[in-house]
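Peer 1: I have a structure I would like to understand better, so I am pasting it below and will then ask my questions one at a time.
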Amino acid sequence: MAIRNIIKMGDPLLRKKCKVVDAFDSRLHMLLDDLKDTLHYAEGLGLAAPQVGVLKRVCIVEYEGNSYELVNPVVVKTSGKCVDNEGCLSVVGFRGLVERPEKIDLEYYDRNGVKRFLHAEGYFARVFLHEIDHLDGILFADKMIKKIPDED
Ligand code: CO
């Protein structure tokens, strides 16, 4: 278990398309454990592997006391639209308003390679969509319809 360095916008690793995971081994488990430690340290809602420089389709989300580990996540269905405020541990100095689907259905694998399904709505859905975008090299800053400078 270790806290890893979170890379920032401008680093080319954040712009790569990540590779599908095919080995659900101790190396994957260590990555997931480190992502969790790093997310707790940074006090965010989610963290994707490319944010620590690992180009694999892996991300974690912590929302309302629940913890989710997603390997090879795929958005299989979306509906509705909503606009809300987002930030990112890899983007310093501003947040932004981003339009995203309101409801989503996801398929993913857990750390043991078991296929899982998840339905999410509202901000909960937004956090997953933000993290899954990271796996394709997309940042919220690319999609924002309004930039919101940090107050401090
Ligand atoms: Co982010």
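Letters A, B, ... go to the chains of the structure tokens in the order shown; residues in each chain start at 1; ligands are counted from 1 in the same order.
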If you count only C-alpha atoms and all ligand atoms, which residues end up within 10 Å of ligand 1, as a short mmCIF file (atom, residue, chain, number, x, y, z; two decimals) with N, CA, C and O atoms, in the first residue's frame?

Peer 2:
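result02.cif written:
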data_model
loop_
_atom_site.label_atom_id
_atom_site.label_comp_id
_atom_site.auth_asym_id
_atom_site.auth_seq_id
_atom_site.Cartn_x
_atom_site.Cartn_y
_atom_site.Cartn_z
N LYS A 8 -0.41 15.90 -13.34
CA LYS A 8 -1.28 17.04 -13.58
C LYS A 8 -1.46 17.30 -15.08
O LYS A 8 -0.63 16.90 -15.90
N MET A 9 -2.56 18.00 -15.40
CA MET A 9 -2.87 18.36 -16.78
C MET A 9 -1.63 18.99 -17.42
O MET A 9 -1.00 19.85 -16.80
N LEU A 14 -1.70 11.70 -19.38
CA LEU A 14 -3.14 11.90 -19.14
C LEU A 14 -3.94 11.88 -20.44
O LEU A 14 -5.18 11.88 -20.40
N GLY A 44 -10.37 13.03 -2.67
CA GLY A 44 -11.22 13.18 -3.84
C GLY A 44 -12.36 12.19 -3.83
O GLY A 44 -12.51 11.40 -2.88
N LEU A 45 -13.17 12.22 -4.90
CA LEU A 45 -14.30 11.28 -5.04
C LEU A 45 -13.93 10.10 -5.93
O LEU A 45 -14.57 9.05 -5.86
N GLY A 46 -12.93 10.30 -6.77
CA GLY A 46 -12.54 9.23 -7.67
C GLY A 46 -11.13 9.43 -8.17
O GLY A 46 -10.60 10.55 -8.13
N LEU A 47 -10.54 8.34 -8.65
CA LEU A 47 -9.17 8.41 -9.18
C LEU A 47 -9.02 7.31 -10.22
O LEU A 47 -9.46 6.17 -10.01
N ALA A 48 -8.39 7.67 -11.33
CA ALA A 48 -8.18 6.70 -12.42
C ALA A 48 -6.69 6.39 -12.53
O ALA A 48 -5.84 7.25 -12.26
N PRO A 50 -4.54 6.21 -14.95
CA PRO A 50 -3.63 7.10 -15.68
C PRO A 50 -3.21 8.34 -14.86
O PRO A 50 -2.17 8.92 -15.12
N GLN A 51 -4.01 8.70 -13.86
CA GLN A 51 -3.65 9.85 -13.02
C GLN A 51 -2.42 9.56 -12.14
O GLN A 51 -1.82 10.48 -11.61
N GLU A 86 -17.71 20.26 -11.69
CA GLU A 86 -16.72 19.19 -11.49
C GLU A 86 -15.34 19.75 -11.27
O GLU A 86 -14.98 20.78 -11.82
N GLY A 87 -14.56 19.00 -10.53
CA GLY A 87 -13.14 19.27 -10.41
C GLY A 87 -12.39 17.99 -10.63
O GLY A 87 -13.00 16.93 -10.83
N CYS A 88 -11.06 18.06 -10.59
CA CYS A 88 -10.24 16.88 -10.84
C CYS A 88 -8.93 17.02 -10.09
O CYS A 88 -8.35 18.11 -10.06
N LEU A 89 -8.46 15.93 -9.52
CA LEU A 89 -7.19 15.96 -8.77
C LEU A 89 -6.01 16.24 -9.70
O LEU A 89 -4.94 16.62 -9.23
N SER A 90 -6.22 16.07 -11.01
CA SER A 90 -5.14 16.36 -11.97
C SER A 90 -5.26 17.75 -12.59
O SER A 90 -4.43 18.11 -13.44
N VAL A 91 -6.28 18.49 -12.20
CA VAL A 91 -6.49 19.83 -12.76
C VAL A 91 -6.45 20.83 -11.60
O VAL A 91 -7.31 20.80 -10.72
N VAL A 127 -19.60 11.09 -11.36
CA VAL A 127 -18.26 10.71 -10.87
C VAL A 127 -17.72 9.53 -11.70
O VAL A 127 -16.57 9.54 -12.13
N PHE A 128 -18.55 8.54 -11.98
CA PHE A 128 -18.10 7.41 -12.82
C PHE A 128 -17.75 7.89 -14.23
O PHE A 128 -16.72 7.49 -14.78
N LEU A 129 -18.59 8.71 -14.82
CA LEU A 129 -18.34 9.17 -16.19
C LEU A 129 -17.04 9.97 -16.27
O LEU A 129 -16.27 9.83 -17.23
N HIS A 130 -16.80 10.79 -15.26
CA HIS A 130 -15.55 11.57 -15.20
C HIS A 130 -14.34 10.63 -15.17
O HIS A 130 -13.38 10.81 -15.92
N GLU A 131 -14.42 9.59 -14.31
CA GLU A 131 -13.28 8.65 -14.19
C GLU A 131 -13.10 7.84 -15.46
O GLU A 131 -11.97 7.60 -15.89
N ILE A 132 -14.20 7.40 -16.07
CA ILE A 132 -14.09 6.59 -17.28
C ILE A 132 -13.53 7.43 -18.43
O ILE A 132 -12.75 6.94 -19.25
N ASP A 133 -13.87 8.72 -18.48
CA ASP A 133 -13.25 9.62 -19.47
C ASP A 133 -11.73 9.60 -19.36
O ASP A 133 -11.02 9.63 -20.37
N HIS A 134 -11.20 9.58 -18.12
CA HIS A 134 -9.75 9.55 -17.94
C HIS A 134 -9.11 8.37 -18.66
O HIS A 134 -7.98 8.46 -19.14
N ILE A 138 -9.43 11.78 -21.71
CA ILE A 138 -10.30 12.96 -21.72
C ILE A 138 -10.38 13.56 -20.32
O ILE A 138 -10.57 12.85 -19.33
N LEU A 139 -10.25 14.89 -20.24
CA LEU A 139 -10.37 15.61 -18.96
C LEU A 139 -11.64 16.46 -18.99
O LEU A 139 -12.10 16.87 -20.06
N PHE A 140 -12.17 16.76 -17.79
CA PHE A 140 -13.40 17.57 -17.74
C PHE A 140 -13.18 18.92 -18.42
O PHE A 140 -14.10 19.51 -18.99
N ALA A 141 -11.94 19.40 -18.36
CA ALA A 141 -11.62 20.71 -18.95
C ALA A 141 -11.88 20.73 -20.46
O ALA A 141 -12.14 21.78 -21.04
#

Peer 1: Run DSSP on the backbone and tell me which residues of range 15-93 of chain A come out as strand (DSSP E); list them as a ChimeraX atom specification.

Peer 2: /A:46-48,58-63,66-79,82-88,91-93

Peer 1: Please provide as an NGL selection string all residues within 6 Å of Gly137 in chain A, with the sequence filter that same-chain residues fewer than 4 positions apart are discarded (counting only C-alpha atoms).

Peer 2: :A and (14-17)

Peer 1: DSSP says helix (DSSP H, G or I) for which residues of range 14-133 of chain A? Put them as an NGL selection string?

Peer 2: :A and (14-15 or 26-42 or 49-52 or 122-133)

Peer 1: Leaving out His119 in chain A and any residue of its chain fewer than 3 positions from it, which residues lie within 12 Å of it when counting only C-alpha atoms, given as a list in words?

Peer 2: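 My reading of the contact set: Val74, Val75, Val76, Lys77, Thr78, Ser79, Glu102, Lys103, Ile104, Asp105, Leu106, Glu107, Tyr108, Arg116, Gly122, Phe124, Ala125, Arg126, Phe128 and Leu129 of chain A.
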